[in-house]
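K.L.:
What follows is a structure written as structure tokens; I'll ask about it next.
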Amino acid sequence: MTAAARRRAYARGRRAERLAAWWLRLQGYRILALGLRSPVGEIDIVARRGGILAVVEVKRRASLAEAAEAVSPRQRRRLRRAAELYLQRHPELAGLQPRFDAVLLVPRHLPRHIKDAWNADITLPY
């Protein structure tokens, strides 16, 4: 992949994250972080609604099936480690129930929010 293609893919991914954040706001979530990068992994969106802390992975693909299958086990492990690090750095969120969600984006369709998309048992810092 050329450098220009990587830049275009990165820009498409960031647009997808902003669209997903907008959708989550409409559903009553408060966006705490967007596009978080850490040494152990990246979190697309951290959102809060009531007592839930949603760690959200955003996938944009040509079809819903492709988007749903796009999160690999390796990526899930990296996301879990990044979530653990985020919670360690934000002890004020210790009372919230962490959950892994996905927002799937397909052209010409409304975003699909999958709550508790997978169970990854976060090691909580408390």
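Residue numbering restarts at 1 in every chain; chains get A, B, ... in the order shown in the structure tokens, and ligands count up from 1 in that same order.
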Run DSSP on the backbone and tell me which residues of chain A come out as strand (DSSP E or B); list them as a compact mmCIF listing (two decimals) with C-alpha atoms, in the first residue's frame.
P.N.:
```txt
# COMPACT_ATOMS: atom_id res chain seq x y z
CA ARG A 30 -21.53 10.95 26.00
CA ILE A 31 -18.30 10.67 24.03
CA LEU A 32 -15.31 10.65 26.40
CA ALA A 33 -12.58 9.97 23.84
CA LEU A 34 -12.24 9.58 20.09
CA GLY A 35 -9.29 8.02 18.24
CA LEU A 36 -7.24 7.11 21.31
CA ARG A 37 -3.79 5.74 20.58
CA SER A 38 -1.62 4.03 23.15
CA GLY A 41 -3.52 -0.51 21.01
CA GLU A 42 -6.03 1.96 19.68
CA ILE A 43 -9.58 2.64 20.82
CA ASP A 44 -11.87 4.24 18.26
CA ILE A 45 -14.43 5.60 20.76
CA VAL A 46 -14.91 5.61 24.52
CA ALA A 47 -18.47 6.54 25.42
CA ARG A 48 -20.55 6.64 28.55
CA ARG A 49 -24.26 6.16 29.05
CA ILE A 52 -21.95 1.78 31.19
CA LEU A 53 -18.53 2.60 29.79
CA ALA A 54 -18.60 1.51 26.15
CA VAL A 55 -15.30 0.83 24.41
CA VAL A 56 -16.35 1.02 20.79
CA GLU A 57 -14.70 -0.40 17.68
CA VAL A 58 -15.87 1.20 14.42
CA LYS A 59 -15.82 -0.77 11.17
CA ARG A 60 -16.79 0.59 7.75
CA GLN A 97 -19.40 -1.28 33.95
CA PRO A 98 -17.06 -1.67 30.95
CA ARG A 99 -18.48 -3.14 27.75
CA PHE A 100 -17.11 -3.76 24.25
CA ASP A 101 -19.40 -2.48 21.49
CA ALA A 102 -19.10 -2.17 17.74
CA VAL A 103 -20.57 0.35 15.35
CA LEU A 104 -20.82 -1.06 11.84
CA LEU A 105 -21.05 1.34 8.92
CA ARG A 112 -25.63 -0.42 13.32
CA HIS A 113 -24.67 -0.29 17.01
CA ILE A 114 -23.92 -3.75 18.39
```
K.L.:
Of the candidates A:Arg15, A:Val106, A:Arg7, A:Asn119, which one gets nearest to Ala62 in chain A if we count only C-alpha atoms?
P.N.:
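Result for the nearest residue to Ala62 in chain A: A:Val106.
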K.L.:
To test your reading of the structure, identify every residue in chain A that backbone DSSP assigns to helix (DSSP H, G or I), and report it as a PyMOL selection string.
P.N.:
chain A and resi 3-26+64-68+73-89+91-93
K.L.:
Compare A:Ala65, A:Gly51, A:Arg78, A:Ala83 by their minimum atom-to-atom distance to Gly95 in chain A, counting only C-alpha atoms, and give me the closest one.
P.N.:
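Distance minimum relative to Gly95 in chain A lands on A:Gly51.
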K.L.:
For a test of reading the model, state the distance in Å between CA of Arg12 in chain A and CA of Leu79 in chain A, rounded to one decimal.
P.N.:
20.0 Å
